[in-house]
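Undergrad: Handing you this structure, nothing more for now.
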Amino acid sequence: MISELFTVTVLIGILASGIRLATPYLYASIGETFGQRSGVLNLGVEGQMLLGAFAAFYVALTTGSLWLGILAAMIVGALMGLIMAFVTVNLHAQQGISGIGFYLFGLGLSDLLFQKLMGTVETVKGFPPIKIPWFSSIPGVGEIFFSQNILVYGAYLLVPLAWFVLNKTTLGLKIRSVGENPDAADSLGVSVARIRYFTIILGGTLSGIAGASLSIALLNVFQQNMTSGLGFIAVALVYFGAWRPWGVLGGALLFSMVNSLQLWIQVLGIPIPSEIAVMMPYVLTILVLVITVSRVRAPSALTKPFERED
Amino acid sequence: MKKIIQSEWVSRLIDASLPVFAALAALLLGAVMLFLLKVNPIEAYKALWDGAFGSTNAFAETLVKATPLLLVGLGICISFRGDVINIGGEGQMIIGAILATWVGLNFTGLPGWLVITLSMFAGFLGGAIWGGIPGVLKAYFRVNEILSTVMMNAIAVQMMNFLLRGPMIDPSQAELASKIPQTARLLEIFRLPRLAPTRLHLGALIAVILAVLVYILLWRTTLGYRIRAVGQNPNASRYAGIKVQRYVVLALLLSGAFSGMAGATQVFGVNYRMITDGSSSGFTGSAGFNGIVAALFGQLHPILTIPASILFGALLVGANKMQRVVQVPSALIIALNGLVVVFVVSSEFWRRRRQRRRLAAAKQNDESPPQSDPEQYQQVESGA
């Protein structure tokens, strides 16, 4: 039975779906990375994702346009981000707790709207896979990397882009300085509030897309609480990746590959209780956090509201 | 300036009523949402009220729902006071319930009162273990507790599903094709006694007594003082010779223990068996999250968390009636709970600002410079 896992077809299947499954984590975690590098912990990612997933699905279902769906998810995510920014930046609300509030709000509202506006589970035809010319015909590799849908490609392009912005641009420097030493940044004329507004709204927008990637690109349905903890994992992956886009990519891939493996174990009927298989990625994440976290330092001003000394 | 100092008690009154305003603001926004959904808000809220308080049975249901919220909330009071964000209530409830159920199903030869007592302790223990692990991870491996408790929730759900579909499944279900994930029923003598001819059970009383004990723990014992000291200022606590790491572990462990008891009372007081639909909320009814809301609403004060739990229990029970009468999904209440949390933490802003102004005024008048001795801290805290 176990040997069935090691046939080429199955391995390619595991890798290809692992690459695909990392998509929502990448969008949400990269967004969260920006927030945390500027000193703000957004624990409401899950709620933003749920609302994004619903908005994208509903708009795609009613207008027939997937891109309008994405746009709707981005707007909803950005709005949630805007409110979150006001609450954490202007009102100095404790970030961990207000995040739980935003999570519950998104959880309840997406469910409410789903029941009121749709009522039953429906499906849409999501983004189709795009075969990249030439590359997609490479045996194995083509299927794994070059036959995915547009949102998957977007997620992977986001990683180097985020790295570039954070490390090679003035904006990135401002974001990092606001997260490490807001007082110094402030005295140099950087607006701490403006930078944090930017990163939180950006994070919300990306969380919205993360939700959309679930509802109109990967699963193509919307259900109540369909993220089931995915947004919280996305936050964990930021710690996991030591606040660096490439590290986040590594974490997202590890998590989604293990997840993909457990899905295939169930598909192939290998006699490991499915519950134990589903548990694996979480246990693994805790273990890796234990090993890695104690070696890296979080942004100094993380979760600390900024207040100018008079 | 002097006026501000004299009106200290007015200020306190405003502080204490901030959560009430937060709740009213949330309900108002809820009314707007209802209006947009083309539902008459007054009708909806009337159904909500009737569902929660309309009859003896309704009120008893409210208290039954409030019980796990209070127990989880008490744990939250302890951990949040220690500056430890425990989001693992769901998982801790589940593990507590599993251990308690195991005791209830396996010690059938013992007298009822003994098994009930043992299983409450088993629930306490299970939750303590499930909270203690993230505690150790935080204190000694610097793993953020928010993340580890979330992971522990996911692991607990799978353990529950595994056990209730496999080793612990109700023998009669094991033979059926449906295989509902549930355990066998508890013996009648092992059930928590009912307090009235309603579904209200002894667990509610236990929770209220524990609320008093948690108050004593936090403000009248060294252990509680140290947990709070570590929460306020870990560095100062370290200088004062407090073993900070130990109290971080204790805060999470105790917090988990109360959630574990919440899980145990659900089994022994409400369902008389452990049952789920495969999800976390299928067993807990999301009390692990809503308990956080209740504790925050009660300003992390164990005694104030009692009325707060009743309020949120009422919202949950009333939501069902609202769903029946005006066809508004009860999910609305979850969204409103979220808004309450956001509003409560946001309203802290005004409290802090007034506090700062009071201190500044005091400084200017040079009457009583701001003090930082522990006694004063305690008073400010307990007056919250």
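The chains in the structure tokens are called A, B, ... from first to last as shown; in each chain the residues are counted from 1, and the ligands are counted from 1 in the order shown.
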Please identify all polymer residues within 8 Å of region 252-264 of chain B, counting only C-alpha atoms, omitting same-chain residues fewer than 2 positions from it, and present them as a PyMOL selection string.
TA: chain B and resi 67-69+71-72+74-79+84+86+88-90+92-98+100-101+119-121+123-135+248-250+266-268+284+288
Undergrad: Go ahead and save the residues from that selection, with N, CA and C atoms, as a compact mmCIF listing (two decimals), in the first residue's frame.
TA:
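The new file result-v2.txt reads:
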```txt
# COMPACT_ATOMS: atom_id res chain seq x y z
N THR B 67 -23.27 28.98 30.96
CA THR B 67 -22.35 28.25 31.84
C THR B 67 -20.97 27.99 31.20
N PRO B 68 -20.90 27.37 30.01
CA PRO B 68 -19.57 27.19 29.42
C PRO B 68 -18.87 28.51 29.10
N LEU B 69 -19.67 29.54 28.74
CA LEU B 69 -19.06 30.84 28.45
C LEU B 69 -18.38 31.38 29.69
N LEU B 71 -17.27 29.62 32.34
CA LEU B 71 -16.10 28.83 32.69
C LEU B 71 -14.91 29.17 31.80
N VAL B 72 -15.15 29.20 30.49
CA VAL B 72 -14.06 29.58 29.57
C VAL B 72 -13.60 31.00 29.90
N LEU B 74 -13.64 32.62 32.68
CA LEU B 74 -12.82 32.68 33.90
C LEU B 74 -11.37 32.37 33.57
N GLY B 75 -11.18 31.36 32.75
CA GLY B 75 -9.82 31.01 32.32
C GLY B 75 -9.19 32.18 31.56
N ILE B 76 -10.02 32.82 30.73
CA ILE B 76 -9.52 33.95 29.94
C ILE B 76 -9.11 35.10 30.86
N CYS B 77 -9.90 35.33 31.94
CA CYS B 77 -9.54 36.37 32.91
C CYS B 77 -8.12 36.13 33.43
N ILE B 78 -7.83 34.87 33.75
CA ILE B 78 -6.52 34.55 34.30
C ILE B 78 -5.43 34.77 33.26
N SER B 79 -5.62 34.19 32.06
CA SER B 79 -4.52 34.25 31.09
C SER B 79 -4.32 35.66 30.54
N VAL B 84 -1.22 36.70 28.49
CA VAL B 84 -1.10 35.52 27.64
C VAL B 84 -2.42 35.38 26.89
N ASN B 86 -4.85 33.38 25.18
CA ASN B 86 -5.22 31.98 24.99
C ASN B 86 -6.41 31.88 24.04
N GLY B 88 -7.05 28.98 22.70
CA GLY B 88 -7.20 27.53 22.59
C GLY B 88 -8.39 26.98 23.35
N GLY B 89 -9.34 27.83 23.72
CA GLY B 89 -10.49 27.38 24.50
C GLY B 89 -11.21 26.19 23.88
N GLU B 90 -11.36 26.24 22.57
CA GLU B 90 -12.07 25.16 21.89
C GLU B 90 -11.37 23.81 22.11
N GLN B 92 -9.15 23.05 24.36
CA GLN B 92 -9.08 22.69 25.77
C GLN B 92 -10.42 22.13 26.25
N MET B 93 -11.51 22.69 25.76
CA MET B 93 -12.83 22.13 26.09
C MET B 93 -12.92 20.68 25.62
N ILE B 94 -12.46 20.46 24.39
CA ILE B 94 -12.58 19.13 23.78
C ILE B 94 -11.77 18.11 24.57
N ILE B 95 -10.51 18.43 24.87
CA ILE B 95 -9.67 17.45 25.57
C ILE B 95 -10.21 17.22 26.98
N GLY B 96 -10.64 18.30 27.65
CA GLY B 96 -11.24 18.14 28.97
C GLY B 96 -12.44 17.21 28.91
N ALA B 97 -13.28 17.42 27.91
CA ALA B 97 -14.48 16.59 27.77
C ALA B 97 -14.12 15.14 27.48
N ILE B 98 -13.10 14.93 26.67
CA ILE B 98 -12.72 13.55 26.34
C ILE B 98 -12.30 12.81 27.61
N ALA B 100 -12.98 13.55 30.73
CA ALA B 100 -14.11 13.41 31.65
C ALA B 100 -15.05 12.29 31.18
N THR B 101 -15.31 12.27 29.89
CA THR B 101 -16.20 11.24 29.36
C THR B 101 -15.61 9.85 29.58
N SER B 119 -14.84 13.17 37.33
CA SER B 119 -14.83 13.59 35.92
C SER B 119 -14.66 15.10 35.79
N MET B 120 -15.18 15.86 36.78
CA MET B 120 -14.91 17.30 36.72
C MET B 120 -13.40 17.55 36.84
N PHE B 121 -12.76 16.80 37.72
CA PHE B 121 -11.31 16.94 37.85
C PHE B 121 -10.61 16.48 36.57
N GLY B 123 -11.80 16.72 33.60
CA GLY B 123 -11.97 17.82 32.65
C GLY B 123 -10.95 18.91 32.92
N PHE B 124 -10.81 19.26 34.20
CA PHE B 124 -9.84 20.25 34.65
C PHE B 124 -8.44 19.86 34.17
N LEU B 125 -8.12 18.59 34.40
CA LEU B 125 -6.78 18.08 34.06
C LEU B 125 -6.55 18.12 32.54
N GLY B 126 -7.54 17.63 31.80
CA GLY B 126 -7.40 17.60 30.34
C GLY B 126 -7.16 18.99 29.78
N GLY B 127 -7.97 19.95 30.24
CA GLY B 127 -7.78 21.33 29.78
C GLY B 127 -6.43 21.87 30.20
N ALA B 128 -6.01 21.50 31.44
CA ALA B 128 -4.72 21.99 31.94
C ALA B 128 -3.58 21.48 31.07
N ILE B 129 -3.67 20.23 30.66
CA ILE B 129 -2.62 19.68 29.80
C ILE B 129 -2.62 20.43 28.47
N TRP B 130 -3.82 20.60 27.90
CA TRP B 130 -3.90 21.21 26.57
C TRP B 130 -3.53 22.69 26.60
N GLY B 131 -3.72 23.34 27.76
CA GLY B 131 -3.26 24.72 27.89
C GLY B 131 -1.80 24.78 28.31
N GLY B 132 -1.38 23.79 29.07
CA GLY B 132 -0.02 23.78 29.60
C GLY B 132 1.03 23.62 28.51
N ILE B 133 0.70 22.82 27.48
CA ILE B 133 1.68 22.61 26.40
C ILE B 133 2.04 23.94 25.71
N PRO B 134 1.03 24.72 25.25
CA PRO B 134 1.41 26.02 24.68
C PRO B 134 2.11 26.91 25.70
N GLY B 135 1.77 26.74 26.99
CA GLY B 135 2.42 27.51 28.04
C GLY B 135 3.91 27.22 28.07
N VAL B 248 4.02 32.24 33.39
CA VAL B 248 3.43 32.19 32.04
C VAL B 248 2.80 30.81 31.83
N VAL B 249 3.55 29.76 32.21
CA VAL B 249 3.02 28.40 32.07
C VAL B 249 1.76 28.25 32.92
N LEU B 250 1.83 28.72 34.18
CA LEU B 250 0.69 28.58 35.08
C LEU B 250 -0.54 29.30 34.55
N GLN B 266 -20.44 20.33 29.74
CA GLN B 266 -21.30 20.14 28.57
C GLN B 266 -21.71 18.67 28.45
N VAL B 267 -20.75 17.79 28.73
CA VAL B 267 -21.04 16.36 28.61
C VAL B 267 -21.93 15.89 29.76
N PHE B 268 -21.57 16.27 30.98
CA PHE B 268 -22.26 15.72 32.15
C PHE B 268 -23.53 16.48 32.51
N THR B 284 -18.49 22.14 20.90
CA THR B 284 -18.38 23.25 21.85
C THR B 284 -19.46 24.32 21.66
N GLY B 288 -15.61 28.19 23.20
CA GLY B 288 -14.20 28.51 23.40
C GLY B 288 -13.85 29.90 22.87
```
Undergrad: Per residue of chain A within 8 Å of chain B, what are the shortest atom pair and its distance in Å to one decimal, counting only C-alpha atoms, with rows by chain and residue number, as CSV?
TA:
```
residue,atom,partner,partner_atom,distance
A:Val87,CA,B:Ser346,CA,6.2
A:Leu91,CA,B:Phe349,CA,5.5
A:His92,CA,B:Phe349,CA,6.6
A:Ala93,CA,B:Ser346,CA,5.0
A:Gln94,CA,B:Val345,CA,6.5
A:Gly96,CA,B:Ile85,CA,7.4
A:Ile97,CA,B:Val345,CA,7.3
A:Ser98,CA,B:Val342,CA,5.0
A:Gly99,CA,B:Val342,CA,7.9
A:Ile100,CA,B:Gly338,CA,7.2
A:Gly101,CA,B:Gly338,CA,4.0
A:Phe102,CA,B:Gly338,CA,5.9
A:Tyr103,CA,B:Gly338,CA,6.9
A:Leu104,CA,B:Gly338,CA,4.5
A:Phe105,CA,B:Ala335,CA,3.9
A:Gly106,CA,B:Ala335,CA,6.6
A:Leu107,CA,B:Ala335,CA,6.7
A:Gly108,CA,B:Ala335,CA,4.1
A:Leu109,CA,B:Ala335,CA,5.4
A:Asp111,CA,B:Ala331,CA,6.0
A:Leu112,CA,B:Ala331,CA,5.3
A:Gln115,CA,B:Pro329,CA,6.9
A:Lys116,CA,B:Pro329,CA,7.6
A:Gly229,CA,B:Ala154,CA,7.9
A:Phe232,CA,B:Val150,CA,7.0
A:Ile233,CA,B:Leu147,CA,7.6
A:Val235,CA,B:Leu147,CA,7.6
A:Ala236,CA,B:Leu147,CA,5.6
A:Pro273,CA,B:Phe162,CA,7.5
A:Glu275,CA,B:Gln158,CA,5.0
A:Ile276,CA,B:Gln158,CA,6.9
A:Val278,CA,B:Gln158,CA,7.2
A:Met279,CA,B:Ile155,CA,5.4
A:Tyr282,CA,B:Met151,CA,5.6
A:Val283,CA,B:Ile155,CA,7.3
A:Thr285,CA,B:Met151,CA,7.9
A:Ile286,CA,B:Ser148,CA,6.4
A:Leu289,CA,B:Val143,CA,6.3
A:Val290,CA,B:Phe141,CA,5.9
A:Val293,CA,B:Val143,CA,6.3
A:Ser294,CA,B:Arg142,CA,5.6
```
Undergrad: As a PyMOL selection string, which residues of region 117-251 of chain B does DSSP assign to alpha helix (DSSP H)?
TA: chain B and resi 117-141+145-165+171-175+202-220+222-232+234-239+244-251
Undergrad: What does the distance between CA of Phe135 (chain A) and CA of Gly31 (chain A) come to in Å, to one decimal place?
TA: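 Straight-line distance from CA of Phe135 (chain A) to CA of Gly31 (chain A) works out to 29.2 Å.
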Undergrad: Hey, which bits of region 165-209 of chain A sit within 12 Å of region 214-227 of chain A, and for each residue what's the closest pair of atoms and how far apart in Å (one decimal), counting only C-alpha atoms, rows by chain and increasing number, as JSON lines?
TA:
```
{"residue": "A:Ser207", "atom": "CA", "partner": "A:Leu214", "partner_atom": "CA", "distance": 10.9}
{"residue": "A:Gly208", "atom": "CA", "partner": "A:Leu214", "partner_atom": "CA", "distance": 10.1}
{"residue": "A:Ile209", "atom": "CA", "partner": "A:Leu214", "partner_atom": "CA", "distance": 8.7}
```
Undergrad: Write the residues of the preceding selection, restricted to N, CA and C atoms, as a PDB file, in the first residue's frame.
TA:
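Okay, part.pdb is ready:
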```pdb
ATOM      1  N   SER A 207      -5.526  39.361   1.798  1.00  0.00           N
ATOM      2  CA  SER A 207      -6.351  38.340   2.446  1.00  0.00           C
ATOM      3  C   SER A 207      -7.632  38.113   1.663  1.00  0.00           C
ATOM      4  N   GLY A 208      -8.189  39.221   1.141  1.00  0.00           N
ATOM      5  CA  GLY A 208      -9.387  39.101   0.313  1.00  0.00           C
ATOM      6  C   GLY A 208      -9.110  38.214  -0.897  1.00  0.00           C
ATOM      7  N   ILE A 209      -7.981  38.457  -1.562  1.00  0.00           N
ATOM      8  CA  ILE A 209      -7.623  37.636  -2.727  1.00  0.00           C
ATOM      9  C   ILE A 209      -7.411  36.180  -2.293  1.00  0.00           C
TER      10      ILE A 209
END
```
Undergrad: Just how far from CA of Gly269 (chain B) is CA of Gly203 (chain B), in Å to one decimal?
TA: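 Going from CA of Gly203 (chain B) over to CA of Gly269 (chain B) covers 6.6 Å.
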Undergrad: When you look at Val159 (chain A) with a cut-off of 10 Å (counting only C-alpha atoms), what residues show up, excluding the ones that are within fewer than 4 positions of it in the same chain? I need them as a list in words.
TA: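 Neighbouring residues, sequence-local ones excluded: Leu26, Tyr27, Ile30, Gly154, Ala155, Trp163, Phe164, Val165, Arg244, Pro245, Trp246, Gly247, Val248 and Leu249 of chain A.
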Undergrad: Which residues come within 9 Å of Gly13 (chain A), counting only C-alpha atoms, excluding same-chain residues fewer than 5 positions away, as an NGL selection string?
TA: :A and (8 or 18 or 143-144 or 260 or 264)
Undergrad: Record the distance separating CA of Gln148 (chain A) and CA of Val10 (chain A), expressed in Å with one decimal.
TA: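 These atoms are spaced 17.2 Å apart.
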Undergrad: Hey, what's within 9 Å of Ala60 (chain A) if we count only C-alpha atoms and toss same-chain stuff fewer than 3 positions away? As a PyMOL selection string, please?
TA: chain A and resi 55-57+63-70+124+126+216
Undergrad: With only C-alpha atoms as the counted atoms, please give the residues lying no more than 12 Å from Ile195 (chain A), apart from itself and same-chain residues fewer than 2 positions off, as a PyMOL selection string.
TA: chain A and resi 34-40+85+89+170-179+182+185-186+189-193+197-202+306
Undergrad: Please provide as a PyMOL selection string all residues within 8 Å of Phe54 (chain A), with the sequence filter that same-chain residues fewer than 5 positions apart are discarded (counting only C-alpha atoms).
TA: chain A and resi 73+110+114+211-212+215+222
